[in-house]
file work-v2.txt (compact mmCIF, C-alpha atoms)
# COMPACT_ATOMS: atom_id res chain seq x y z
CA ASP A 1 0.00 0.00 0.00
CA MET A 2 1.07 3.58 -0.65
CA SER A 3 0.67 5.97 2.27
CA VAL A 4 0.94 9.74 2.38
CA PHE A 5 4.53 10.87 2.91
CA VAL A 6 4.25 14.10 4.93
CA PRO A 7 7.38 16.26 4.71
CA GLU A 8 8.81 17.78 7.86
CA LYS A 9 11.86 19.73 9.00
CA LEU A 10 13.37 16.68 10.74
CA THR A 11 16.38 16.11 8.49
CA LYS A 12 18.76 14.71 11.11
CA MET A 13 18.61 12.09 13.81
CA LYS A 14 17.74 13.51 17.20
CA ARG A 15 20.64 11.50 18.58
CA GLN A 16 23.82 13.20 17.38
CA GLN A 17 27.30 12.06 18.38
CA ILE A 18 30.92 12.27 17.26
CA TYR A 19 32.86 9.15 18.22
CA ASP A 20 36.44 9.76 19.36
CA ARG A 21 37.91 6.26 18.69
CA LYS A 22 39.05 5.75 22.28
CA LYS A 23 37.84 2.14 22.14
CA ASP A 24 40.28 1.10 19.38
CA ARG A 25 42.73 -1.63 20.33
CA ALA A 26 46.48 -1.13 20.05
CA GLY A 27 47.64 -1.35 16.44
CA ALA A 28 44.10 -0.89 15.05
CA ASP A 29 43.90 2.89 15.21
CA GLY A 30 44.52 3.69 11.52
CA CYS A 31 41.86 4.01 8.83
CA ILE A 32 38.77 2.11 9.97
CA TYR A 33 38.66 0.31 6.61
CA CYS A 34 42.32 -0.46 5.75
CA ASN A 35 44.11 0.48 9.04
CA LYS A 36 46.56 2.68 7.15
CA MET A 37 47.87 5.80 8.91
CA SER A 38 47.91 8.24 6.03
CA PRO A 39 49.08 11.84 5.94
CA PRO A 40 47.28 14.21 5.80
CA PRO A 41 45.28 13.32 8.95
CA LEU A 42 42.44 10.81 8.64
CA THR A 43 39.14 12.45 7.71
CA ARG A 44 35.89 12.52 9.66
CA GLU A 45 33.33 9.95 8.49
CA HIS A 46 29.53 10.01 8.60
CA ILE A 47 28.27 6.55 9.57
CA ILE A 48 24.98 7.03 7.69
CA PRO A 49 25.52 9.33 4.68
CA GLU A 50 25.09 13.02 5.39
CA CYS A 51 23.06 13.44 2.20
CA ILE A 52 20.20 11.40 3.75
CA GLY A 53 20.42 13.07 7.13
CA GLY A 54 22.99 10.91 8.95
CA ALA A 55 24.15 12.62 12.15
CA LEU A 56 26.53 10.07 13.72
CA GLU A 57 30.18 10.73 12.88
CA ILE A 58 33.60 9.22 13.62
CA ALA A 59 36.57 11.55 14.07
CA HIS A 60 39.86 10.70 12.30
CA ALA A 61 38.28 7.70 10.56
CA SER A 62 39.15 7.36 6.88
CA CYS A 63 42.26 7.63 4.71
CA PRO A 64 41.92 9.55 1.41
CA GLU A 65 41.82 6.38 -0.74
CA CYS A 66 39.04 4.76 1.29
CA ALA A 67 37.17 8.06 1.56
CA ASP A 68 37.14 8.28 -2.24
CA GLN A 69 35.68 4.77 -2.43
CA THR A 70 32.93 5.35 0.13
CA HIS A 71 31.95 8.76 -1.28
CA ALA A 72 31.65 7.27 -4.78
CA PHE A 73 29.40 4.30 -3.99
CA GLU A 74 27.33 6.25 -1.45
CA GLY A 75 26.72 8.90 -4.08
CA HIS A 76 25.55 6.30 -6.61
CA ALA A 77 23.45 4.47 -4.00
CA CYS A 78 21.65 7.65 -2.93
CA ILE A 79 21.20 9.22 -6.38
CA GLY A 80 17.85 7.47 -6.86
CA MET A 81 16.58 9.26 -3.74
CA LEU A 82 17.55 12.66 -5.13
CA PRO A 83 14.00 13.92 -5.87
CA MET A 84 12.88 12.96 -2.37
CA ARG A 85 16.02 14.50 -0.84
CA ARG A 86 15.40 17.76 -2.69
CA GLN A 87 11.75 17.96 -1.68
CA MET A 88 12.50 17.08 1.95
CA GLY A 89 15.37 19.56 2.25
CA PHE A 90 18.13 17.15 3.22
CA PRO A 91 21.64 18.56 3.78
CA GLN A 92 23.67 19.46 0.71
CA LYS A 93 27.41 18.90 0.42
CA ARG A 94 27.67 21.75 -2.07
CA ARG A 95 26.52 24.99 -0.52
CA GLY A 96 26.46 28.64 -1.52
CA ALA A 97 24.86 30.73 -4.26
CA LYS A 98 26.42 28.81 -7.15
CA ALA A 99 25.19 25.45 -5.81
CA ARG A 100 21.70 26.88 -5.29
CA GLU A 101 21.63 28.11 -8.89
CA MET A 102 22.69 24.68 -10.15
CA ARG A 103 19.90 23.01 -8.15
CA LYS A 104 17.35 25.40 -9.66
CA LYS A 105 18.34 24.12 -13.11
CA GLU A 106 17.94 20.44 -12.15
CA ARG A 107 15.31 18.49 -14.06
CA PHE A 108 13.74 15.13 -13.21
CA VAL A 109 12.48 12.55 -15.68
CA LEU A 110 8.89 11.39 -16.26
CA MET A 111 7.67 9.02 -18.95
CA LEU A 112 4.47 10.55 -20.37
CA ASP A 113 2.73 8.23 -22.85
CA HIS A 114 6.14 6.69 -23.63
CA ASN A 115 7.77 10.10 -24.13
CA ARG A 116 10.61 11.20 -21.85
CA VAL A 117 9.85 14.61 -20.29
CA LYS A 118 12.03 16.55 -17.84
CA VAL A 119 10.38 18.75 -15.20
CA PRO A 120 11.66 20.89 -12.28
CA ILE A 121 11.51 19.50 -8.75
CA GLU A 122 8.49 21.70 -7.93
CA GLU A 123 6.44 19.74 -10.50
CA PHE A 124 7.86 16.28 -9.84
CA PRO A 125 5.70 13.70 -7.96
CA ALA A 126 8.48 12.02 -5.95
CA LEU A 127 8.44 8.53 -4.41
CA LEU A 128 10.60 6.93 -1.72
CA MET A 129 11.08 3.27 -2.68
CA ASN A 130 12.11 1.04 0.24
CA LEU A 131 13.92 -2.20 -0.65
CA VAL A 132 13.85 -5.47 1.31
CA PHE A 133 16.27 -8.41 0.98
CA PRO A 134 16.45 -12.09 2.05
CA PHE A 135 17.79 -12.83 5.54
CA PRO A 136 21.65 -12.88 5.71
CA GLY A 137 22.89 -16.23 4.47
CA ILE A 138 25.57 -16.56 7.14
CA LEU A 139 22.89 -16.59 9.86
CA LEU A 140 21.11 -19.43 8.06
CA GLY A 141 24.27 -21.54 7.79
CA GLU A 142 24.42 -21.12 4.01
CA ARG A 143 27.67 -21.20 2.06
CA GLN A 144 29.04 -18.03 0.44
CA GLN A 145 27.87 -17.26 -3.08
CA ASP A 146 29.14 -14.46 -5.27
CA LYS A 147 25.75 -12.88 -6.05
CA PRO A 148 24.48 -9.28 -6.02
CA LEU A 149 22.24 -8.10 -3.21
CA THR A 150 18.77 -8.34 -4.73
CA GLY A 151 15.31 -8.28 -3.23
CA GLY A 152 12.01 -6.54 -3.75
CA VAL A 153 10.04 -3.39 -2.94
CA TYR A 154 8.95 -3.31 0.69
CA SER A 155 6.96 -0.08 0.44
CA ALA A 156 6.59 3.06 -1.64
CA GLU A 157 5.98 6.34 0.18
CA LEU A 158 4.52 9.43 -1.46
CA THR A 159 5.85 12.93 -0.96
CA ASP A 160 3.52 15.73 0.05
CA GLY A 161 1.15 16.83 -2.72
CA PHE A 162 1.88 13.72 -4.83
CA GLY A 163 -1.66 13.37 -6.20
CA GLU A 164 -2.02 17.05 -7.03
CA LYS A 165 1.30 17.11 -8.89
CA LEU A 166 0.35 13.98 -10.81
CA ASN A 167 -2.94 15.55 -11.92
CA ARG A 168 -1.27 18.83 -12.93
CA ILE A 169 1.33 16.99 -15.01
CA LYS A 170 -1.40 14.94 -16.74
CA ALA A 171 -3.36 18.09 -17.54
CA LYS A 172 -0.34 20.12 -18.66
CA TYR A 173 0.94 17.47 -21.10
CA ARG A 174 -2.45 15.83 -21.84
CA ALA A 175 -0.93 12.52 -20.84
CA ASN A 176 -2.88 9.30 -20.31
CA SER A 177 -0.08 7.42 -18.54
CA ILE A 178 2.81 8.54 -16.33
CA GLY A 179 5.94 6.59 -15.42
CA ILE A 180 8.07 8.05 -12.64
CA MET A 181 11.80 7.70 -13.34
CA GLY A 182 13.38 10.60 -11.45
CA ILE A 183 16.88 10.58 -12.88
CA GLU A 184 18.44 9.52 -16.15
CA PRO A 185 19.66 5.90 -16.11
CA ARG A 186 23.35 5.71 -15.25
CA GLY A 187 25.97 3.63 -17.00
CA ARG A 188 27.06 1.70 -13.93
CA GLY A 189 24.86 -0.68 -11.95
CA GLN A 190 23.31 0.31 -8.65
CA GLU A 191 22.84 -3.04 -6.87
CA ASP A 192 26.39 -3.34 -5.56
CA ASP A 193 26.51 0.35 -4.62
CA TYR A 194 23.50 0.07 -2.31
CA GLY A 195 24.83 -3.11 -0.73
CA ARG A 196 28.26 -1.55 -0.27
CA MET A 197 26.63 1.46 1.39
CA LEU A 198 24.85 -0.84 3.87
CA ALA A 199 28.15 -2.66 4.48
CA LYS A 200 29.93 0.65 5.14
CA ILE A 201 27.20 1.81 7.53
CA GLY A 202 27.34 -1.45 9.49
CA HIS A 203 31.12 -1.68 9.66
CA SER A 204 31.67 1.96 10.62
CA TYR A 205 28.99 1.82 13.33
CA ALA A 206 30.50 -1.33 14.85
CA ALA A 207 33.97 0.25 14.71
CA ALA A 208 32.62 3.34 16.49
CA GLU A 209 30.70 1.47 19.19
CA LEU A 210 33.12 -1.40 19.86
CA GLY A 211 36.45 -0.09 18.59
CA CYS A 212 38.59 -1.34 15.72
CA GLY A 213 40.38 -4.56 16.59
CA SER A 214 37.51 -5.86 18.73
CA PHE A 215 36.13 -7.99 15.88
CA HIS A 216 37.47 -9.73 12.79
CA PRO A 217 35.87 -7.70 9.96
CA PHE A 218 34.00 -9.39 7.11
CA LEU A 219 33.18 -6.35 4.99
CA VAL A 220 36.29 -4.20 4.55
CA HIS A 221 37.11 -5.81 1.18
CA THR A 222 33.59 -4.98 0.00
CA ILE A 223 33.88 -1.37 1.16
CA ARG A 224 37.28 -1.01 -0.52
CA GLY A 225 36.04 -2.47 -3.81
CA VAL A 226 37.85 -5.83 -3.69
CA LYS A 227 35.66 -8.54 -5.25
CA PRO A 228 33.99 -10.95 -4.66
CA TYR A 229 31.65 -9.11 -2.28
CA PHE A 230 29.31 -11.95 -1.12
CA LEU A 231 26.78 -9.27 -0.16
CA PRO A 232 23.72 -11.53 0.46
CA HIS A 233 25.83 -13.68 2.79
CA TYR A 234 26.36 -10.82 5.22
CA ILE A 235 23.48 -8.39 4.57
CA GLY A 236 19.73 -8.97 4.61
CA SER A 237 16.42 -7.93 6.08
CA ARG A 238 14.03 -9.09 8.77
CA PRO A 239 11.11 -11.10 7.40
CA GLY A 240 7.66 -9.59 7.76
CA LYS A 241 6.70 -6.11 8.86
CA SER A 242 9.11 -3.81 10.66
CA ALA A 243 9.00 -2.28 14.12
CA PRO A 244 6.73 0.68 14.90
CA ILE A 245 7.44 4.06 13.32
CA LEU A 246 9.92 6.08 15.39
CA ASP A 247 10.66 9.76 15.98
CA ASP A 248 14.27 9.47 14.81
CA LEU A 249 14.97 9.70 11.10
CA HIS A 250 17.15 6.56 11.20
CA GLU A 251 17.54 3.70 13.69
CA ILE A 252 20.86 1.89 14.21
CA SER A 253 22.07 -0.36 17.02
CA LEU A 254 24.01 -3.52 17.80
CA GLU A 255 21.80 -6.60 17.59
CA ASN A 256 22.16 -9.30 20.25
CA GLY A 257 18.92 -11.26 19.87
CA LEU A 258 19.48 -13.12 16.59
CA PRO A 259 20.87 -16.65 16.15
CA GLY A 260 24.63 -16.33 15.77
CA ALA A 261 24.83 -13.09 17.76
CA GLU A 262 26.98 -14.83 20.35
CA SER A 263 29.69 -15.28 17.69
CA TYR A 264 29.12 -12.40 15.29
CA VAL A 265 28.88 -8.63 15.48
CA ILE A 266 25.52 -7.74 13.92
CA VAL A 267 24.24 -4.23 13.24
CA LYS A 268 20.52 -3.55 13.04
CA LEU A 269 19.59 -0.70 10.69
CA ARG A 270 16.38 1.06 9.63
CA LEU A 271 16.82 3.93 7.22
CA PHE A 272 13.92 6.42 7.45
CA ALA A 273 12.64 4.74 10.61
CA ASN A 274 10.06 7.52 10.94
CA ARG A 275 8.28 5.83 8.01
CA ASP A 276 7.12 2.31 7.14
CA THR A 277 10.54 0.92 6.26
CA PRO A 278 12.23 -2.49 6.61
CA THR A 279 14.80 -3.53 9.19
CA HIS A 280 18.16 -4.63 7.78
CA TYR A 281 20.77 -6.81 9.50
CA ILE A 282 24.46 -6.39 8.64
CA VAL A 283 26.83 -9.10 9.90
CA VAL A 284 30.01 -7.07 10.09
CA GLY A 285 32.45 -9.52 11.65
CA ARG A 286 33.34 -12.28 14.07
CA LYS A 287 33.84 -11.38 17.71
CA VAL A 288 37.42 -11.53 18.95
call {"tool": "encode", "arguments": {"input": "work-v2.txt", "output": "structure tokens"}}
result
Amino acid sequence: DMSVFVPEKLTKMKRQQIYDRKKDRAGADGCIYCNKMSPPPLTREHIIPECIGGALEIAHASCPECADQTHAFEGHACIGMLPMRRQMGFPQKRRGAKAREMRKKERFVLMLDHNRVKVPIEEFPALLMNLVFPFPGILLGERQQDKPLTGGVYSAELTDGFGEKLNRIKAKYRANSIGIMGIEPRGRGQEDDYGRMLAKIGHSYAAAELGCGSFHPFLVHTIRGVKPYFLPHYIGSRPGKSAPILDDLHEISLENGLPGAESYVIVKLRLFANRDTPTHYIVVGRKV
């Protein structure tokens, strides 16, 4: 079912924190992904991407090479949410008058009676598509398989004024059918990018909460772009409906109640937890 997606000014988690890495074990205090100590100083890292309202950060977290990797796949993973991000007023990395002028010129794609039409964000009827995946294979005792992280649509949420915008577009272009695309198709695939983003969120949160060196990491090769990724083995979703809608924009915590939690470090994640969204589980490593 599609429910009304009411916009609000809540663009960050209420719970904000900058982790200081005091829990790292000796010899594990370099980059949280490759453990390299790289001049210039390690950069601050958002655990959940800033472009979708992530507020938890780790100080002195990432070397330049790993930062380039994470910024690239996060950007590709979040590009499909761009219309929703624009309409909801999420933080922008590029600020200032020039960036504002560029955003005014942005156009978003609709298919009107099989014709591709580009419209400004004010006219675009945006959707937030929430994806759900099979349960992590490692927690089911399955063997690793080199497959992409694939699943289905859990829910589709409508932005404010969706119906009115749809009707105005139909009337303006005299269209009988409308297909909502949002952005032009990109040359590279998106499946691995979204899975890598979930892997990065899980690993960085566990590193912040427990400290690097406190678990044997499973996902650093995935984050750094070293294949095979084995994404469905370590990342998946909870079957059935999710927990109640929360006040926080996102929900993230360490999970101790699943089978295998006594041996593995598991991160529980709900993006846009203030909506009807699925719960993901990310098995980030084996406990030391």
call {"tool": "closest_residue", "arguments": {"input": "work-v2.txt", "among": "A:Ala28, A:Ile183, A:Ala55, A:Ala97", "to": "Ala207 (chain A)", "atoms": "all atoms listed in the file"}}
result
A:Ala28
call {"tool": "residues_around", "arguments": {"input": "work-v2.txt", "residues": "Pro244 (chain A)", "least_positions_apart": "5", "cutoff": "10 Å", "atoms": "only C-alpha atoms", "output": "compact mmCIF listing (two decimals) with C-alpha atoms, keeping the file's coordinate frame"}}
result
# COMPACT_ATOMS: atom_id res chain seq x y z
CA ALA A 273 12.64 4.74 10.61
CA ASN A 274 10.06 7.52 10.94
CA ARG A 275 8.28 5.83 8.01
CA ASP A 276 7.12 2.31 7.14
CA THR A 277 10.54 0.92 6.26
call {"tool": "closest_residue", "arguments": {"input": "work-v2.txt", "among": "A:Ile223, A:Cys212, A:Val283, A:Met84", "to": "Ile32 (chain A)", "atoms": "all atoms listed in the file"}}
result
A:Cys212
call {"tool": "closest_residue", "arguments": {"input": "work-v2.txt", "among": "A:Tyr264, A:Tyr19, A:Tyr194, A:Tyr205", "to": "Pro232 (chain A)", "atoms": "all atoms listed in the file"}}
result
A:Tyr194
call {"tool": "residues_around", "arguments": {"input": "work-v2.txt", "residues": "region 225-227 of chain A", "least_positions_apart": "6", "cutoff": "10 Å", "atoms": "only C-alpha atoms", "output": "CSV table (one decimal) with C-alpha atoms, keeping the file's coordinate frame"}}
result
chain,number,residue,atom,x,y,z
A,66,CYS,CA,39.0,4.8,1.3
A,69,GLN,CA,35.7,4.8,-2.4
A,70,THR,CA,32.9,5.4,0.1
A,73,PHE,CA,29.4,4.3,-4.0
A,146,ASP,CA,29.1,-14.5,-5.3
A,192,ASP,CA,26.4,-3.3,-5.6
A,193,ASP,CA,26.5,0.4,-4.6
A,196,ARG,CA,28.3,-1.6,-0.3
A,219,LEU,CA,33.2,-6.4,5.0
